[in-house]
Amino acid sequence: MAESSEEKRAQLRKEIKETSKEEFILKEMKRLGFWPDDKEQPTLAEEFINKRAELSTQIKGLTSEDKRFKNKEAVLRKYKKERMKKSREQQKLNKEKREADRLEKQQIWKAKQANDIIYLGEKYTNLLHKKESNTDLLKGNNLPAIADVKTLATHLETTLSELRYLSFHRYVSTVSHYIRYQVPKKAGGHRKIAAPMPRLKKVQRAILDKLLSKVKVSDYAHGFTENRSIVTNAKPHINQAIVVNMDLKDFFPTLDYKRVFGMFKALGFSPQQSTVLTLVCTETVEEKIKVDGAVYYVNEGERVLPQGAPTSPAITNIICRKMDQRLAGIAKKLGFTYTRYADDMTFSGPKELRSSLNKLMWQVKAVIKNEDFQLHPMKTRIMTTGARKEVTGIVVNEKASVPRKKLKAFRALLFQIEKDGPANKSWGNSPDLLASIEGFARFVYMVDPKKGSEFLARVAVINNRYKPKKTIIERGIDRGIKEIKKRIDRSKKDQDQSGKPWWKIW
């Protein structure tokens with residue numbers, strides 16, 4: 001198809017622009033035969049035209065280059081502006097994406113937090129993803145099959161967020177879950193007590209009542225166990241010729257986080273549940289410091305059982321089940337009787353076993369060391385014929401009784417109070433004299449009901465005379481509390497029959 005006139009003109013303009021007008025004319029003249037093309041040397045006119053065309057092309061190139069360099073700064077500014085614009089647009093997109101990702105993660109995190117515990121501090125999170133319990137072990141230990149931590153919180157009558165808060169391990173905190181103080185020891189020195197605050201104590205009490213109290217302990221443990229006491233601990237040793245008392249050193253602090261965690265896991269709880277329960281039942285040594293007027297509690301050392309928590313004695317009894325069996329086996333093999341009340345261990349037997357004492361002591365020490373406990377070197381006593389034999393404060397020579405010297409001192413104190421009043425008098429280490437004498441009277445009644453009844457009657461008269469009377473408001477509050485407790489008890493009975501929670505029955 002023939003080219004149009006407009007296309008031909010465009011082609012001519014392009015060729016002229018690429019060379020020069022004269023050069024184009026010369027080329028066309030040669031093509032059309034108006035200019036000889038077979039000469040070896042160009043004529044002067046031809047050479048001039050070619051040279052001028054060449055120079056013209058160079059001038060165009062140099063002019064274009066000159067313009068480019070003159071506008072370099074403007075071009076650079078334009079480039080930077082465009083680049084900055086693109087960068088800001090990209091930053092905006094990135095920011096929007098990050099915010100969307102953050103909100104999505106936040107929603108996922110909130111959803112997980114509502115039904116799970118996934119972080120409890122840097123050191124105690126690595127097993128929280130292991131949520132499978134051993135239902136056979138739980139059943140074998142008389143424990144409910146609790147599926148997850150949310151169910152655990154419900155079983156303990158608390159919320160998941162409360163359980164997370166109380167179990168979270170903080171190296172530095174502005175609050176403390178314990179009140180710490182010291183009480184004098186009978187043998188000298190002070191005993192460090194860590195009493196839990198109400199929120200923590202409530203959950204610990206639920207763990208004790210709903211979980212730990214269901215677990216069977218050894219028949220040789222008499223401390224902090226239902227239907228057992230210092231009296232039941234002492235009775236097996238009455239009228240024995242040889243009585244050996246041994247004491248475990250730093251009993252509660254010896255049981256650290258790993259051992260308590262191992263106990264819960266051995267009962268059948270999942271690693272996640274065991275972690276939460278162990279953190280609630282253990283504590284670290286805290287140092288109270290002030291910085292710029294603010295109070296901080298800095299955790300130091302490993303987590304251990306606190307002496308003062310309601311869960312600690314039950315945990316020690318469960319952990320010591322194996323040790324009790326081993327010690328009882330040694331005692332039985334050698335002919336001795338064995339019992340344990342908390343950290344006090346007692347062995348007794350007839351006088352014929354005097355020759356077996358060294359063997360007993362050696363084997364008991366080996367077992368205690370193997371169980372990762374330590375004997376207190378100053379509290380091992382061997383009592384034989386002729387000596388007064390005591391087991392956890394009770395004389396067991398012929399029958400269970402309170403030491404005569406102490407009874408005599410108590411009678412004298414009651415006489416002085418009855419005569420002169422309670423001012424400037426004391427009994428034991430408690431600042432509350434009236435509470436102390438009532439407690440001791442109840443102790444005597446537990447050991448010897450006949451003597452205890454006499455003391456309780458005298459103490460009741462003293463309390464009635466000297467104990468501060470409650471105001472009308474205080475008595476009203478007491479009556480109100482009793483009435484509420486009665487209503488709750490009645491509602492709980494109704495719940496057992498109807499299956500509804502007691503708070504929904506009202």
# chains A, B, ... in the order shown; residues from 1 in each chain; ligands from 1
$ residues_around --residues "A:Glu454" --least-positions-apart "2" --cutoff "12 Å" --atoms "only C-alpha atoms" --output "PDB file with C-alpha atoms, in the first residue's frame"
ATOM      1  CA  LEU A 407       1.250 -27.403 133.897  1.00  0.00           C
ATOM      2  CA  ARG A 411      -1.765 -23.012 137.049  1.00  0.00           C
ATOM      3  CA  LEU A 414      -4.106 -18.516 136.020  1.00  0.00           C
ATOM      4  CA  GLU A 438      -7.141 -20.248 125.886  1.00  0.00           C
ATOM      5  CA  ALA A 441      -5.975 -24.826 127.738  1.00  0.00           C
ATOM      6  CA  ARG A 442      -7.374 -26.366 124.538  1.00  0.00           C
ATOM      7  CA  VAL A 444      -4.141 -29.615 127.425  1.00  0.00           C
ATOM      8  CA  TYR A 445      -7.739 -30.703 126.803  1.00  0.00           C
ATOM      9  CA  ASP A 448      -5.763 -34.863 128.807  1.00  0.00           C
ATOM     10  CA  PRO A 449      -9.501 -34.009 128.636  1.00  0.00           C
ATOM     11  CA  LYS A 450      -9.940 -34.120 132.448  1.00  0.00           C
ATOM     12  CA  LYS A 451      -7.266 -31.538 133.216  1.00  0.00           C
ATOM     13  CA  GLY A 452      -8.102 -29.584 130.095  1.00  0.00           C
ATOM     14  CA  LEU A 456     -10.972 -24.268 130.006  1.00  0.00           C
ATOM     15  CA  ALA A 457     -13.547 -23.476 132.717  1.00  0.00           C
ATOM     16  CA  ARG A 458     -11.125 -21.127 134.513  1.00  0.00           C
ATOM     17  CA  VAL A 459     -10.074 -19.489 131.247  1.00  0.00           C
ATOM     18  CA  ALA A 460     -13.722 -18.922 130.314  1.00  0.00           C
ATOM     19  CA  VAL A 461     -14.278 -17.038 133.576  1.00  0.00           C
TER      20      VAL A 461
END
$ residues_around --residues "A:Ser430" --least-positions-apart "5" --cutoff "12 Å" --atoms "only C-alpha atoms" --output "PyMOL selection string"
chain A and resi 183-184+425+435-440
$ write_last_selection --atoms "all heavy atoms" --output "PDB file, in the first residue's frame"
ATOM      1  N   VAL A 183       8.921 -14.996 113.897  1.00  0.00           N
ATOM      2  CA  VAL A 183       8.475 -15.378 115.242  1.00  0.00           C
ATOM      3  C   VAL A 183       9.633 -16.108 115.929  1.00  0.00           C
ATOM      4  O   VAL A 183      10.404 -16.823 115.283  1.00  0.00           O
ATOM      5  CB  VAL A 183       7.224 -16.278 115.180  1.00  0.00           C
ATOM      6  CG1 VAL A 183       6.050 -15.522 114.600  1.00  0.00           C
ATOM      7  CG2 VAL A 183       7.497 -17.538 114.365  1.00  0.00           C
ATOM      8  N   PRO A 184       9.767 -15.932 117.236  1.00  0.00           N
ATOM      9  CA  PRO A 184      10.869 -16.591 117.949  1.00  0.00           C
ATOM     10  C   PRO A 184      10.697 -18.109 117.964  1.00  0.00           C
ATOM     11  O   PRO A 184       9.586 -18.626 118.073  1.00  0.00           O
ATOM     12  CB  PRO A 184      10.765 -16.016 119.369  1.00  0.00           C
ATOM     13  CG  PRO A 184       9.916 -14.804 119.241  1.00  0.00           C
ATOM     14  CD  PRO A 184       8.981 -15.058 118.102  1.00  0.00           C
ATOM     15  N   LYS A 425       1.386  -9.514 132.370  1.00  0.00           N
ATOM     16  CA  LYS A 425       1.599 -10.964 132.402  1.00  0.00           C
ATOM     17  C   LYS A 425       1.649 -11.488 130.973  1.00  0.00           C
ATOM     18  O   LYS A 425       1.107 -10.872 130.044  1.00  0.00           O
ATOM     19  CB  LYS A 425       0.487 -11.656 133.188  1.00  0.00           C
ATOM     20  CG  LYS A 425       0.445 -11.244 134.659  1.00  0.00           C
ATOM     21  CD  LYS A 425      -0.702 -11.878 135.386  1.00  0.00           C
ATOM     22  CE  LYS A 425      -0.715 -11.451 136.841  1.00  0.00           C
ATOM     23  NZ  LYS A 425      -0.954 -10.007 137.013  1.00  0.00           N
ATOM     24  N   ALA A 435      -5.801 -14.883 124.463  1.00  0.00           N
ATOM     25  CA  ALA A 435      -5.830 -15.883 123.389  1.00  0.00           C
ATOM     26  C   ALA A 435      -4.805 -16.986 123.651  1.00  0.00           C
ATOM     27  O   ALA A 435      -5.055 -18.161 123.354  1.00  0.00           O
ATOM     28  CB  ALA A 435      -5.558 -15.217 122.045  1.00  0.00           C
ATOM     29  N   SER A 436      -3.652 -16.616 124.218  1.00  0.00           N
ATOM     30  CA  SER A 436      -2.596 -17.604 124.488  1.00  0.00           C
ATOM     31  C   SER A 436      -3.029 -18.615 125.544  1.00  0.00           C
ATOM     32  O   SER A 436      -2.821 -19.822 125.383  1.00  0.00           O
ATOM     33  CB  SER A 436      -1.324 -16.892 124.952  1.00  0.00           C
ATOM     34  OG  SER A 436      -0.779 -16.122 123.916  1.00  0.00           O
ATOM     35  N   ILE A 437      -3.629 -18.130 126.633  1.00  0.00           N
ATOM     36  CA  ILE A 437      -4.011 -19.075 127.687  1.00  0.00           C
ATOM     37  C   ILE A 437      -5.179 -19.954 127.239  1.00  0.00           C
ATOM     38  O   ILE A 437      -5.258 -21.127 127.604  1.00  0.00           O
ATOM     39  CB  ILE A 437      -4.354 -18.336 129.005  1.00  0.00           C
ATOM     40  CG1 ILE A 437      -5.544 -17.392 128.808  1.00  0.00           C
ATOM     41  CG2 ILE A 437      -3.139 -17.580 129.525  1.00  0.00           C
ATOM     42  CD1 ILE A 437      -6.023 -16.748 130.110  1.00  0.00           C
ATOM     43  N   GLU A 438      -6.053 -19.421 126.409  1.00  0.00           N
ATOM     44  CA  GLU A 438      -7.141 -20.248 125.886  1.00  0.00           C
ATOM     45  C   GLU A 438      -6.598 -21.322 124.951  1.00  0.00           C
ATOM     46  O   GLU A 438      -7.029 -22.485 124.984  1.00  0.00           O
ATOM     47  CB  GLU A 438      -8.161 -19.387 125.151  1.00  0.00           C
ATOM     48  CG  GLU A 438      -9.356 -20.182 124.660  1.00  0.00           C
ATOM     49  CD  GLU A 438     -10.425 -19.316 124.006  1.00  0.00           C
ATOM     50  OE1 GLU A 438     -10.286 -18.078 124.024  1.00  0.00           O
ATOM     51  OE2 GLU A 438     -11.398 -19.890 123.471  1.00  0.00           O
ATOM     52  N   GLY A 439      -5.616 -20.950 124.124  1.00  0.00           N
ATOM     53  CA  GLY A 439      -5.005 -21.924 123.218  1.00  0.00           C
ATOM     54  C   GLY A 439      -4.309 -23.034 123.976  1.00  0.00           C
ATOM     55  O   GLY A 439      -4.420 -24.217 123.616  1.00  0.00           O
ATOM     56  N   PHE A 440      -3.588 -22.674 125.054  1.00  0.00           N
ATOM     57  CA  PHE A 440      -2.885 -23.706 125.819  1.00  0.00           C
ATOM     58  C   PHE A 440      -3.878 -24.599 126.556  1.00  0.00           C
ATOM     59  O   PHE A 440      -3.674 -25.817 126.652  1.00  0.00           O
ATOM     60  CB  PHE A 440      -1.916 -23.063 126.810  1.00  0.00           C
ATOM     61  CG  PHE A 440      -1.072 -24.068 127.547  1.00  0.00           C
ATOM     62  CD1 PHE A 440      -0.008 -24.688 126.929  1.00  0.00           C
ATOM     63  CD2 PHE A 440      -1.380 -24.420 128.859  1.00  0.00           C
ATOM     64  CE1 PHE A 440       0.759 -25.638 127.602  1.00  0.00           C
ATOM     65  CE2 PHE A 440      -0.629 -25.370 129.544  1.00  0.00           C
ATOM     66  CZ  PHE A 440       0.449 -25.978 128.916  1.00  0.00           C
TER      67      PHE A 440
END
$ residues_around --residues "stretch 400-404 of chain A" --least-positions-apart "4" --cutoff "9 Å" --atoms "only C-alpha atoms" --output "ChimeraX atom specification"
/A:231,234-235,238,390,393-396,408-409,443-444,447-448
$ write_last_selection --atoms "N, CA and C atoms" --output "short mmCIF file (atom, residue, chain, number, x, y, z; two decimals), in the first residue's frame"
data_model
loop_
_atom_site.label_atom_id
_atom_site.label_comp_id
_atom_site.auth_asym_id
_atom_site.auth_seq_id
_atom_site.Cartn_x
_atom_site.Cartn_y
_atom_site.Cartn_z
N VAL A 231 -1.23 -35.54 119.24
CA VAL A 231 -1.58 -36.62 120.16
C VAL A 231 -1.50 -37.98 119.44
N ALA A 234 1.99 -38.96 118.99
CA ALA A 234 2.72 -39.38 120.19
C ALA A 234 2.28 -40.76 120.69
N LYS A 235 1.02 -41.11 120.50
CA LYS A 235 0.48 -42.35 121.09
C LYS A 235 1.25 -43.62 120.71
N ILE A 238 4.09 -44.35 123.26
CA ILE A 238 3.86 -44.37 124.72
C ILE A 238 4.46 -45.64 125.33
N GLU A 390 9.73 -37.15 125.38
CA GLU A 390 8.75 -36.25 124.78
C GLU A 390 8.69 -36.47 123.27
N GLY A 393 6.24 -32.34 122.04
CA GLY A 393 5.76 -31.61 123.21
C GLY A 393 4.90 -32.39 124.16
N ILE A 394 4.69 -33.68 123.92
CA ILE A 394 3.85 -34.51 124.77
C ILE A 394 4.71 -35.58 125.44
N VAL A 395 4.55 -35.72 126.74
CA VAL A 395 5.30 -36.74 127.48
C VAL A 395 4.66 -38.10 127.22
N VAL A 396 5.51 -39.09 126.88
CA VAL A 396 5.00 -40.42 126.51
C VAL A 396 5.59 -41.53 127.38
N LYS A 408 2.31 -26.79 135.96
CA LYS A 408 2.45 -26.06 137.22
C LYS A 408 2.59 -24.56 136.96
N ALA A 409 3.39 -24.20 135.95
CA ALA A 409 3.56 -22.79 135.61
C ALA A 409 2.25 -22.19 135.10
N PHE A 443 -5.06 -27.08 124.19
CA PHE A 443 -4.01 -28.07 123.95
C PHE A 443 -4.00 -29.12 125.05
N VAL A 444 -4.10 -28.67 126.31
CA VAL A 444 -4.14 -29.61 127.43
C VAL A 444 -5.37 -30.50 127.32
N VAL A 447 -4.84 -33.33 124.96
CA VAL A 447 -3.97 -34.39 125.48
C VAL A 447 -4.61 -35.10 126.66
N ASP A 448 -5.15 -34.32 127.59
CA ASP A 448 -5.76 -34.86 128.81
C ASP A 448 -7.09 -34.15 129.03
#
$ select_by_dssp --residues "stretch 326-402 of chain A" --states "strand (DSSP E)" --output "list in words"
Thr337, Tyr338, Thr339, Arg340, Tyr341, Asp344, Met345, Thr346, Phe347, Ser348, Gly349, Arg381, Ile382, Met383, Glu390, Val391, Ile394 and Val395 of chain A
$ write_last_selection --atoms "C-alpha atoms" --output "mmCIF file, in the first residue's frame"
data_model
loop_
_atom_site.group_PDB
_atom_site.id
_atom_site.type_symbol
_atom_site.label_atom_id
_atom_site.label_comp_id
_atom_site.auth_asym_id
_atom_site.auth_seq_id
_atom_site.Cartn_x
_atom_site.Cartn_y
_atom_site.Cartn_z
ATOM 1 C CA THR A 337 7.949 -47.742 115.345
ATOM 2 C CA TYR A 338 7.999 -44.646 113.122
ATOM 3 C CA THR A 339 5.813 -41.517 112.895
ATOM 4 C CA ARG A 340 6.300 -38.028 111.450
ATOM 5 C CA TYR A 341 4.693 -34.720 112.339
ATOM 6 C CA ASP A 344 9.714 -33.963 113.326
ATOM 7 C CA MET A 345 10.444 -37.680 112.926
ATOM 8 C CA THR A 346 10.173 -40.105 115.825
ATOM 9 C CA PHE A 347 11.399 -43.696 116.199
ATOM 10 C CA SER A 348 10.759 -45.817 119.279
ATOM 11 C CA GLY A 349 11.151 -49.377 120.482
ATOM 12 C CA ARG A 381 17.724 -36.668 120.709
ATOM 13 C CA ILE A 382 17.977 -40.241 121.951
ATOM 14 C CA MET A 383 15.912 -40.824 125.132
ATOM 15 C CA GLU A 390 8.746 -36.246 124.780
ATOM 16 C CA VAL A 391 7.240 -36.472 121.299
ATOM 17 C CA ILE A 394 3.849 -34.512 124.769
ATOM 18 C CA VAL A 395 5.296 -36.737 127.483
#
$ residues_around --residues "A:Lys249" --least-positions-apart "2" --cutoff "8 Å" --atoms "only C-alpha atoms" --output "list in words"
Asp247, Phe251, Asp343, Phe373, Gln374, Leu375 and His376 of chain A
$ atom_distance --atom1 "atom CA of A:Val304" --atom2 "atom CA of A:Asn126"
19.2 Å
$ closest_residue --among "A:Leu103, A:Val364, A:Leu200, A:Ile318" --to "A:Met246" --atoms "only C-alpha atoms"
A:Val364
$ closest_residue --among "A:Leu127, A:Tyr220, A:Ala194, A:Glu157" --to "A:Phe261" --atoms "only C-alpha atoms"
A:Leu127
$ atom_distance --atom1 "atom CA of A:Tyr257" --atom2 "atom CA of A:Arg303"
5.3 Å
$ select_by_dssp --residues "stretch 287-386 of chain A" --states "helix (DSSP H, G or I)" --output "PyMOL selection string"
chain A and resi 312-319+321-334+351-370
$ residues_around --residues "A:Ile193" --least-positions-apart "3" --cutoff "12 Å" --atoms "only C-alpha atoms" --output "count of residues only"
21
$ atom_distance --atom1 "atom CA of A:Ala366" --atom2 "atom CA of A:Ile330"
11.1 Å
$ closest_residue --among "A:Lys30, A:Phe24, A:Lys110, A:Glu82" --to "A:Arg52" --atoms "only C-alpha atoms"
A:Phe24
$ residues_around --residues "A:Asn239" --least-positions-apart "4" --cutoff "8 Å" --atoms "only C-alpha atoms" --output "PyMOL selection string"
chain A and resi 396-399
$ residues_around --residues "A:Leu334" --least-positions-apart "6" --cutoff "8 Å" --atoms "only C-alpha atoms" --output "PyMOL selection string"
chain A and resi 353+356+360
